[in-house]
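In what follows, a single structure is set out as structure tokens and then discussed.
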Amino acid sequence: MKKSTIWMLVLVMLFAFAGLLSLQVQYVFSLLKTRSEQFNETVKKSLTQVARNLEIDESRRFLEEDIRRGTAPEFTYSTPGTLRGLGEISTQEQISVQIDDQSISYQIQLEKFSRPPFNPLGANKRTSGNSIESTSKDLLEDYKNRYRYNQALLHEVIVNMLATSNLTPIEERIDFKKLNIYLKTEFKNNGLELPFVFTVINKDEKVVYQSGALQRQPKASDVLTTVLFPNDPPSRLNYLKVYFPGKSSYIFGSIVTFLIPSVIFSLLLLVTFTFTIYIVFRQKKLSEMKNDFINNMTHELKTPVSTISLAAQMLKDSDITKSPDVFRHISGVINDETKRLGFLVEKVLQMSLFERQKAALKLKEIDANDLLANIANTFVLKVEKYGGSMDIDLQAIDSTIYADEMHITNVMFNLMDNAVKYRRPEVPLELMARTWNENGKLMISIEDNGIGIKKEYQKKVFDRFFRVPTGNVHDVKGFGLGLAYVRKIMEDHNGSIRAESGNNNVGTKFIITLPLIKS
């Protein structure tokens with residue numbers, strides 16, 4: 001797949017994810033706004049009912065006070081009406097009420113009052129005869145008189161309310177404890193069991209009462225207001241303001257059942273998308289490196305094959321067989337090229353090892369000290385060939401491990417061979433192999449004084465096909481598989497390996513960690 005195609009897919013997926021995320025965010029904000037409006041409407045409905053309850057309480061209080069006074073109002077009335085049968089009255093009345101030197105007239109229309117129940121005691125008082133018609137008239141008259149009295153009584157209360165209620169300070173008109181109970185009851189009836197703070201503001205816009213302290217000044221949009229006694233004159237209106245400190249948490253909590261799964265799935269989608277893109281680019285890079293490896297390997301294989309073929313043809317010449325020196329030289333060339341060919345084949349086999357998830361290991365008990373000593377004794381000749389020296393320091397007291405001897409040997413040879421490859425020609429090679437115990441594990445280190453590895457490459461050297469940019473100096477050939485093979489074998493043995501470099505990136509130290517057999 002071309003890189004441009006991959007980038008196009010990345011852009012399309014990013015656009016789709018951004019669009020999905022944008023829609024979710026818009027939906028969440030829309031849901032929050034809707035829930036906030038529902039909350040405000042519920043509170044306003046409750047406040048309206050509370051204001052209505054306060055009006056009823058005030059009316060009841062005026063009636064109780066008037067009854068306690070026990071004084072009848074002074075009123076006159078005229079009745080230019082007619083009687084309709086024996087049980088109904090149709091009349092229009094003019095009533096004048098005298099209260100505190102003020103005279104207020106009312107004109108009312110009475111229609112179709114049902115006949116009151118028969119009262120024999122009242123009838124005996126009003127008539128000496130036994131006429132049914134006379135008794136009915138007396139009862140109707142008595143009913144009308146009682147109605148006029150009660151009506152005038154109510155009118156007096158209404159006039160008192162109109163004349164004096166709005167002149168009374170709001171703190172005398174309201175019982176704030178009862179107001180608090182009303183608010184709690186109405187909010188609870190409407191499903192709002194939240195702590196709140198209410199404030200009563202008088203006609204002078206001063207705070208008359210506040211139910212509690214506020215930790216911070218609330219926003220104007222968070223304070224809900226209603227008018228107390230809305231029938232008062234506009235210049236004398238009082239207000240009730242309510243603030244819910246936990247409103248935001250309540251509204252947010254109402255959508256959390258949608259928000260949490262939405263966030264989880266969005267994160268899951270983002271992680272999946274990121275991981276997919278990473279895998280695509282990684283596979284493309286590995287594919288390119290593998291192609292380079294195959295091309296390089298093909299070229300490298302041709303060289304020893306052609307050299308061996310040429311040497312074999314030269315051996316057919318009878319003159320060459322008669323010259324021992326030439327014969328030995330050609331034989332040596334064939335031997336060297338055969339080893340080189342075998343090394344290349346080994347690299348191909350190592351690469352095939354990575355295609356499997358885990359190598360087929362033949363595990364057995366091994367003494368790592370003995371194994372490292374044998375490998376070092378074998379390798380010391382190669383080190384001395386380049387004028388170097390090798391030192392062994394076996395400090396591990398417990399060195400028994402459960403491992404594949406062939407693969408562990410290849411790991412040690414790879415690390416020592418790298419030390420020889422990447423030595424500094426002007427400095428004699430110093431190679432040191434060491435073992436010790438640490439935290440219940442076996443530690444093995446291979447250290448040299450070669451060209452070293454820069455810090456930014458110390459982790460990358462274990463990646464397949466990776467080679468340090470300066471790795472080809474001194475004509476060092478390779479395919480970037482040796483250290484990748486080493487790390488894979490260590491991981492298959494439940495161990496690990498890391499690289500360290502000395503000051504000024506001089507010298508390299510590879511440290512291997514392996515579990516002991518007792519672990």
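Ligands are numbered from 1 in the order shown, residues from 1 within each chain, and chains are lettered A, B, ... in the order they appear in the structure tokens.
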Could you pull out the helix (DSSP H, G or I) residues of segment 148-272 of chain A from DSSP and send them as an MDAnalysis selection string? chainID A and resid 148:167 170:173 176:189 220:222 234:236 247:254 256:272
Long-range neighbours of segment 232-245 of chain A as a compact mmCIF listing (two decimals) with N, CA, C and O atoms, in the first residue's frame, 9 Å cut-off, only C-alpha atoms, 5 positions minimum in chain:
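After the write, part.txt holds the following:
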# COMPACT_ATOMS: atom_id res chain seq x y z
N VAL A 43 -39.00 24.57 39.27
CA VAL A 43 -38.82 25.48 40.41
C VAL A 43 -39.82 26.63 40.33
O VAL A 43 -40.43 27.02 41.33
N LEU A 47 -42.54 27.74 43.06
CA LEU A 47 -42.55 29.07 43.67
C LEU A 47 -43.91 29.73 43.49
O LEU A 47 -44.40 30.43 44.40
N ALA A 51 -46.23 31.09 46.55
CA ALA A 51 -46.78 32.44 46.63
C ALA A 51 -48.29 32.39 46.81
O ALA A 51 -48.88 33.19 47.57
N LEU A 162 -57.23 45.24 51.13
CA LEU A 162 -56.80 46.19 50.09
C LEU A 162 -56.20 47.45 50.70
O LEU A 162 -55.25 48.03 50.15
N SER A 165 -52.97 45.73 53.80
CA SER A 165 -51.98 44.64 53.65
C SER A 165 -50.69 45.12 53.00
O SER A 165 -49.59 44.80 53.47
N ASN A 166 -50.78 45.91 51.92
CA ASN A 166 -49.55 46.32 51.23
C ASN A 166 -48.78 47.37 52.02
O ASN A 166 -47.65 47.68 51.69
N LEU A 167 -49.43 47.95 53.07
CA LEU A 167 -48.73 48.91 53.91
C LEU A 167 -47.96 48.22 55.03
O LEU A 167 -47.10 48.82 55.66
N ILE A 170 -43.15 43.39 54.91
CA ILE A 170 -43.22 42.01 54.45
C ILE A 170 -42.85 41.03 55.55
O ILE A 170 -43.38 39.92 55.61
N LEU A 194 -33.25 18.89 46.92
CA LEU A 194 -31.91 19.47 46.91
C LEU A 194 -31.82 20.57 47.96
O LEU A 194 -32.82 21.25 48.23
N PRO A 195 -30.66 20.77 48.55
CA PRO A 195 -30.50 21.91 49.46
C PRO A 195 -30.61 23.23 48.70
O PRO A 195 -30.17 23.33 47.55
N PHE A 196 -31.21 24.21 49.34
CA PHE A 196 -31.42 25.49 48.68
C PHE A 196 -31.29 26.62 49.70
O PHE A 196 -31.35 26.40 50.91
N VAL A 197 -31.10 27.80 49.16
CA VAL A 197 -31.05 29.02 49.98
C VAL A 197 -32.05 30.00 49.38
O VAL A 197 -32.02 30.25 48.17
N PHE A 198 -32.96 30.52 50.23
CA PHE A 198 -33.93 31.48 49.70
C PHE A 198 -33.75 32.82 50.39
O PHE A 198 -33.32 32.91 51.55
N THR A 199 -34.08 33.86 49.65
CA THR A 199 -33.94 35.24 50.13
C THR A 199 -35.23 35.99 49.84
O THR A 199 -35.79 35.86 48.75
N VAL A 200 -35.68 36.78 50.81
CA VAL A 200 -36.86 37.63 50.63
C VAL A 200 -36.40 39.07 50.51
O VAL A 200 -35.67 39.57 51.38
N ILE A 201 -36.79 39.72 49.43
CA ILE A 201 -36.41 41.10 49.16
C ILE A 201 -37.65 41.97 49.31
O ILE A 201 -38.71 41.68 48.74
N ASN A 202 -37.53 43.07 50.09
CA ASN A 202 -38.70 43.93 50.29
C ASN A 202 -38.85 44.94 49.16
O ASN A 202 -38.08 44.94 48.20
N LYS A 203 -39.84 45.82 49.33
CA LYS A 203 -40.15 46.79 48.28
C LYS A 203 -39.00 47.77 48.05
O LYS A 203 -38.90 48.38 46.99
N ASP A 204 -38.11 47.92 49.04
CA ASP A 204 -36.95 48.81 48.89
C ASP A 204 -35.74 48.08 48.34
O ASP A 204 -34.62 48.62 48.38
N GLU A 205 -35.96 46.84 47.88
CA GLU A 205 -34.90 46.01 47.31
C GLU A 205 -33.80 45.71 48.33
O GLU A 205 -32.62 45.58 47.98
N LEU A 214 -24.10 31.92 51.74
CA LEU A 214 -23.66 31.51 50.41
C LEU A 214 -22.14 31.47 50.38
O LEU A 214 -21.48 32.44 50.78
N GLN A 215 -21.58 30.35 49.90
CA GLN A 215 -20.12 30.24 49.83
C GLN A 215 -19.55 31.14 48.74
O GLN A 215 -18.41 31.59 48.83
N PRO A 218 -23.73 33.70 43.59
CA PRO A 218 -24.26 32.93 42.46
C PRO A 218 -24.45 33.79 41.22
O PRO A 218 -24.58 35.02 41.31
N ASP A 222 -28.63 31.58 37.73
CA ASP A 222 -28.88 30.47 38.64
C ASP A 222 -29.86 30.82 39.75
O ASP A 222 -30.24 29.95 40.55
N VAL A 223 -30.25 32.10 39.84
CA VAL A 223 -31.19 32.54 40.88
C VAL A 223 -32.58 32.67 40.27
O VAL A 223 -32.78 33.40 39.28
N LEU A 224 -33.55 31.97 40.82
CA LEU A 224 -34.93 31.99 40.31
C LEU A 224 -35.77 32.86 41.23
O LEU A 224 -35.70 32.75 42.47
N THR A 225 -36.59 33.73 40.63
CA THR A 225 -37.32 34.75 41.38
C THR A 225 -38.82 34.65 41.09
O THR A 225 -39.22 34.34 39.97
N THR A 226 -39.61 34.90 42.14
CA THR A 226 -41.06 35.02 41.97
C THR A 226 -41.54 36.20 42.82
O THR A 226 -40.89 36.60 43.79
N VAL A 227 -42.71 36.74 42.45
CA VAL A 227 -43.28 37.89 43.17
C VAL A 227 -44.14 37.39 44.31
O VAL A 227 -44.97 36.48 44.14
Can you tell me how far atom CA of Ile6 of chain A sits from atom CA of Val280 of chain A, in Å to one decimal?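 Calculated distance between atom CA of Ile6 of chain A and atom CA of Val280 of chain A is 7.9 Å.
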Given the choices A:Ser399, A:Asn449, A:Asn145, A:Asn439, which gets closest to Val420 of chain A if the distance is worked out from only C-alpha atoms?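 Nearest to Val420 of chain A: A:Asn449.
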Pick the closest to Gln283 of chain A from A:Lys316, A:Lys455, A:Lys178, A:Lys3: which is it, counting only C-alpha atoms?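 The closest residue to Gln283 of chain A is A:Lys3.
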What is the atom CA of Ala403 of chain A-atom CA of Ala368 of chain A distance in Å, reported with one decimal?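 These two atoms are separated by 9.4 Å.
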Skipping near chain neighbours, those fewer than 5 positions away, what residues fall within 9 Å of Ile330 of chain A using only C-alpha atoms, listed as JSON, numbers by chain? {"A": [311, 312, 314, 315, 325, 335]}
